[in-house]
Amino acid sequence: MDEEDWFFDSFKRYNELQMFDFPRNVVDIDLTSTKNLCVALEEDSSHKNEILIFQLPSALQPKSNSGFTKLERHLSFDHGYFTESPLVQMKCTSHQDNLIISERNGVALFDLTSEDSDIIRKVSSIPGEVECALISVHPLKPNVVLCDGKIGHRSVVDYESMNVIFRLEDSLRESMIPMFISTDIVSFGMTSSGCVISHDIRDGKQTSTLDVKGFSSTSNHWIFSSTFECCSEPTNANFLYALTDDGLLMLFDWRNTSEPAQCVIFSSGTKTSDYSSRQMCVCPSNPYHLALSGFDKNVHVCEIRDGQVIPVFTHDGHAYCHDEYESNVRSICSKWLNFISSNTLVSCASNASLQCWQYKIS
C-alpha cells in the first residue's frame, strides 16, 4: 500500500491520529500523575539523554474528541532535563507528581510540579548501591525496586523517606526484570533462565520461585510484565505475563502458578533475532488486552482469550509518517492512554516518530 492509499484508509480505521517527529528516537514513554506525556530521547553525542514533559494533544484530551485529525505539528512543552550519564530507565510515580530516573551512575527522584522553571528539579538521589539499575514503581505505595542485573544486587526503597526497606546481594549475575506482583510481593524475572523469584517486601524473605522455562524448554530469552503495576484496580489483577523468544506467550494467575492460565503463540509474521527490543504493555482496564511492540514496524493490539491470540488492531502508521514508506522501521514501545479511553495509545518507532492514536472499535 502506498502513502496516499494508506492515508485515505486510515480515515476508516482511526478516530484520532496525531503524528510527531523528534530530532532523535524516543526510547521510553510514560505518563505523569497529572496525565502529561513523559518521553526520553536516545543519547546525543555527549552520551546524555533528554527527558521531556509535554501536554497531550488537545484533540486527545478527555471529552474533547472532535473527529479525525491527521497531524498536529507541535506538542506543548512543560519541563525538561538532560541526564548526567546514559539513561537506563525512567518511571513516573502515581503517589505524587514525581519522576524516577535511572542513569548509569545512579538513581534519583525528580519533582515535576515546579511552575517557575522549565527544568525538572532533582529532589535527591535514591539509595540502594545499585548501578545501571532497572526499576519498577509500586502503584499504591511510595516504593521503588532497584535491580542490578550485572551482579544480582537488588533493593526496595521508600522514596519518600529514602529508607532502604530491604537489600539482597546474592550474585545471580543475570539480567533481571523487576516488577511488583501484588501489594507486598516483588518479583524478579530472569531473562535468560526464565526463572521468576519473588520476595515479601516487608521482610525481604523469598516467598516463591516460578520456573517458566519448564513450560518452554526450547526458549532462550524471556520478557515479563505484571498486570498489578498497570491495571486501574491493581488489587484485583495479579497476573504475570511471560513472552519467549519464539513467540510463546504465557499468562500466569499468581494465586496458582502450577501451570499457565493461558498459553498461546503470537507471531507478527516478521522474523527477527533482536528479542531484547520486544515490549509488552498491558491495558489498564483489561488485563487480557496487550499492546506488543518491537517485533516489526507495527504495534499489535491483541486479546488473550480461550487459548488464542485474537488480533484487535494493528497500528502501522510509523512506516507512513514521512514522505516515503519506510520498510525498515521498528516500533520501540507503546503506552495505553486509558484515562482517555481503552482504545487510545501512544507509541514510538526507530525513525524518530511518536504517534498518539485512537483506533475505531468495530
# chains A, B, ... in the order shown; residues from 1 in each chain; ligands from 1
call {"tool": "select_by_dssp", "arguments": {"residues": "region 11-122 of chain A", "states": "strand (DSSP E)", "output": "VMD selection string"}}
result
chain A and resid 14 to 21 26 to 31 37 to 41 50 to 55 76 to 82 87 to 92 98 to 103 106 to 111 121 to 122
call {"tool": "residues_around", "arguments": {"residues": "Val282 (chain A)", "least_positions_apart": "5", "cutoff": "10 Å", "atoms": "only C-alpha atoms", "output": "PyMOL selection string"}}
result
chain A and resi 225-231+241+287-292+301+334-336
call {"tool": "write_last_selection", "arguments": {"atoms": "N, CA, C and O atoms", "output": "short mmCIF file (atom, residue, chain, number, x, y, z; two decimals), in the first residue's frame"}}
result
data_model
loop_
_atom_site.label_atom_id
_atom_site.label_comp_id
_atom_site.auth_asym_id
_atom_site.auth_seq_id
_atom_site.Cartn_x
_atom_site.Cartn_y
_atom_site.Cartn_z
N SER A 225 5.93 -9.13 32.34
CA SER A 225 5.13 -7.96 32.67
C SER A 225 4.09 -8.33 33.72
O SER A 225 3.48 -9.40 33.64
N SER A 226 3.91 -7.46 34.70
CA SER A 226 2.94 -7.68 35.77
C SER A 226 1.72 -6.80 35.57
O SER A 226 1.85 -5.58 35.37
N THR A 227 0.54 -7.39 35.64
CA THR A 227 -0.68 -6.60 35.49
C THR A 227 -0.93 -5.73 36.72
O THR A 227 -1.61 -4.70 36.64
N PHE A 228 -0.40 -6.11 37.89
CA PHE A 228 -0.62 -5.35 39.12
C PHE A 228 -0.10 -3.93 38.99
O PHE A 228 -0.68 -2.99 39.53
N GLU A 229 0.99 -3.75 38.25
CA GLU A 229 1.62 -2.44 38.16
C GLU A 229 0.86 -1.45 37.28
O GLU A 229 1.07 -0.24 37.39
N CYS A 230 0.00 -1.95 36.41
CA CYS A 230 -0.59 -1.05 35.42
C CYS A 230 -2.11 -1.01 35.40
O CYS A 230 -2.69 -0.14 34.76
N CYS A 231 -2.77 -1.95 36.07
CA CYS A 231 -4.23 -2.00 35.98
C CYS A 231 -4.91 -0.92 36.81
O CYS A 231 -4.38 -0.47 37.83
N TYR A 241 2.65 -11.95 32.89
CA TYR A 241 2.85 -12.36 31.51
C TYR A 241 4.33 -12.71 31.30
O TYR A 241 5.22 -12.02 31.80
N PRO A 287 -6.87 -6.68 31.72
CA PRO A 287 -5.57 -7.37 31.76
C PRO A 287 -5.39 -8.42 30.68
O PRO A 287 -4.30 -8.97 30.56
N TYR A 288 -6.42 -8.70 29.89
CA TYR A 288 -6.31 -9.66 28.80
C TYR A 288 -6.00 -8.98 27.47
O TYR A 288 -5.85 -9.65 26.46
N HIS A 289 -5.90 -7.64 27.47
CA HIS A 289 -5.54 -6.89 26.27
C HIS A 289 -4.09 -6.44 26.38
O HIS A 289 -3.68 -5.87 27.40
N LEU A 290 -3.33 -6.66 25.29
CA LEU A 290 -1.92 -6.32 25.26
C LEU A 290 -1.62 -5.47 24.03
O LEU A 290 -2.25 -5.63 22.98
N ALA A 291 -0.62 -4.57 24.18
CA ALA A 291 -0.02 -3.90 23.04
C ALA A 291 1.41 -4.42 22.94
O ALA A 291 2.19 -4.29 23.88
N LEU A 292 1.75 -5.04 21.81
CA LEU A 292 3.07 -5.64 21.61
C LEU A 292 3.84 -4.83 20.58
O LEU A 292 3.34 -4.55 19.49
N VAL A 301 -2.14 -4.71 18.81
CA VAL A 301 -3.08 -4.78 19.92
C VAL A 301 -3.83 -6.10 19.80
O VAL A 301 -4.41 -6.40 18.74
N SER A 334 5.13 1.29 23.48
CA SER A 334 3.81 1.92 23.45
C SER A 334 3.30 2.07 24.87
O SER A 334 3.80 1.44 25.81
N LYS A 335 2.27 2.90 25.02
CA LYS A 335 1.65 3.14 26.32
C LYS A 335 0.16 3.38 26.11
O LYS A 335 -0.24 4.14 25.22
N TRP A 336 -0.66 2.73 26.94
CA TRP A 336 -2.10 2.95 26.86
C TRP A 336 -2.45 4.29 27.52
O TRP A 336 -1.94 4.62 28.59
#
call {"tool": "closest_residue", "arguments": {"among": "A:Val186, A:Leu354, A:Leu146, A:Ala349", "to": "Val164 (chain A)", "atoms": "only C-alpha atoms"}}
result
A:Leu146
call {"tool": "residues_around", "arguments": {"residues": "Asp21 (chain A)", "least_positions_apart": "5", "cutoff": "12 Å", "atoms": "only C-alpha atoms", "output": "PyMOL selection string"}}
result
chain A and resi 26+41+71-75+318+321-322+347-356
call {"tool": "residues_around", "arguments": {"residues": "Pro142 (chain A)", "least_positions_apart": "2", "cutoff": "8 Å", "atoms": "only C-alpha atoms", "output": "list in words"}}
result
Thr93, His95, Val137, His138, Leu140, Val144, Asp158, Tyr159 and Glu160 of chain A
call {"tool": "write_last_selection", "arguments": {"atoms": "N, CA, C and O atoms", "output": "mmCIF file, in the first residue's frame"}}
result
data_model
loop_
_atom_site.group_PDB
_atom_site.id
_atom_site.type_symbol
_atom_site.label_atom_id
_atom_site.label_comp_id
_atom_site.auth_asym_id
_atom_site.auth_seq_id
_atom_site.Cartn_x
_atom_site.Cartn_y
_atom_site.Cartn_z
ATOM 1 N N THR A 93 5.774 8.281 39.027
ATOM 2 C CA THR A 93 5.120 7.725 40.214
ATOM 3 C C THR A 93 3.652 8.101 40.216
ATOM 4 O O THR A 93 3.249 9.122 39.645
ATOM 5 N N HIS A 95 1.956 8.250 43.244
ATOM 6 C CA HIS A 95 1.681 8.881 44.534
ATOM 7 C C HIS A 95 1.672 10.402 44.441
ATOM 8 O O HIS A 95 0.755 11.065 44.875
ATOM 9 N N VAL A 137 8.095 0.720 39.879
ATOM 10 C CA VAL A 137 7.464 1.582 40.880
ATOM 11 C C VAL A 137 6.147 0.965 41.330
ATOM 12 O O VAL A 137 5.317 0.557 40.507
ATOM 13 N N HIS A 138 5.952 0.896 42.642
ATOM 14 C CA HIS A 138 4.724 0.347 43.219
ATOM 15 C C HIS A 138 3.549 1.260 42.886
ATOM 16 O O HIS A 138 3.644 2.479 43.036
ATOM 17 N N LEU A 140 0.693 1.584 44.451
ATOM 18 C CA LEU A 140 -0.089 2.003 45.612
ATOM 19 C C LEU A 140 0.753 2.567 46.743
ATOM 20 O O LEU A 140 0.249 3.321 47.570
ATOM 21 N N VAL A 144 10.022 1.883 45.401
ATOM 22 C CA VAL A 144 10.654 1.606 44.122
ATOM 23 C C VAL A 144 11.649 0.480 44.332
ATOM 24 O O VAL A 144 12.323 0.406 45.362
ATOM 25 N N ASP A 158 11.872 3.081 50.029
ATOM 26 C CA ASP A 158 10.779 4.033 50.218
ATOM 27 C C ASP A 158 11.287 5.389 49.719
ATOM 28 O O ASP A 158 12.171 5.988 50.330
ATOM 29 N N TYR A 159 10.746 5.881 48.597
ATOM 30 C CA TYR A 159 11.306 7.095 48.007
ATOM 31 C C TYR A 159 10.781 8.377 48.660
ATOM 32 O O TYR A 159 11.177 9.478 48.267
ATOM 33 N N GLU A 160 9.888 8.260 49.638
ATOM 34 C CA GLU A 160 9.505 9.444 50.424
ATOM 35 C C GLU A 160 10.468 9.649 51.585
ATOM 36 O O GLU A 160 10.965 10.748 51.812
#
call {"tool": "closest_residue", "arguments": {"among": "A:Asp203, A:Asp306, A:Glu42, A:Asp211", "to": "Met190 (chain A)", "atoms": "only C-alpha atoms"}}
result
A:Asp211
call {"tool": "residues_around", "arguments": {"residues": "His199 (chain A)", "least_positions_apart": "6", "cutoff": "8 Å", "atoms": "only C-alpha atoms", "output": "list in words"}}
result
Ile185, Val186, Ser187, Lys205, Gln206, Thr207 and Ser208 of chain A
call {"tool": "residues_around", "arguments": {"residues": "Lys360 (chain A)", "least_positions_apart": "5", "cutoff": "7 Å", "atoms": "only C-alpha atoms", "output": "VMD selection string"}}
result
chain A and resid 13 to 15
call {"tool": "residues_around", "arguments": {"residues": "Lys213 (chain A)", "least_positions_apart": "5", "cutoff": "7 Å", "atoms": "only C-alpha atoms", "output": "list in words"}}
result
Ser193, Gly194 and Cys195 of chain A
call {"tool": "closest_residue", "arguments": {"among": "A:Arg154, A:Arg167, A:Lys297, A:Lys141", "to": "Phe188 (chain A)", "atoms": "only C-alpha atoms"}}
result
A:Arg154
call {"tool": "select_by_dssp", "arguments": {"residues": "region 125-360 of chain A", "states": "helix (DSSP H, G or I)", "output": "PyMOL selection string"}}
result
chain A and resi 212-215+227-229+234-236+275-277+317-320
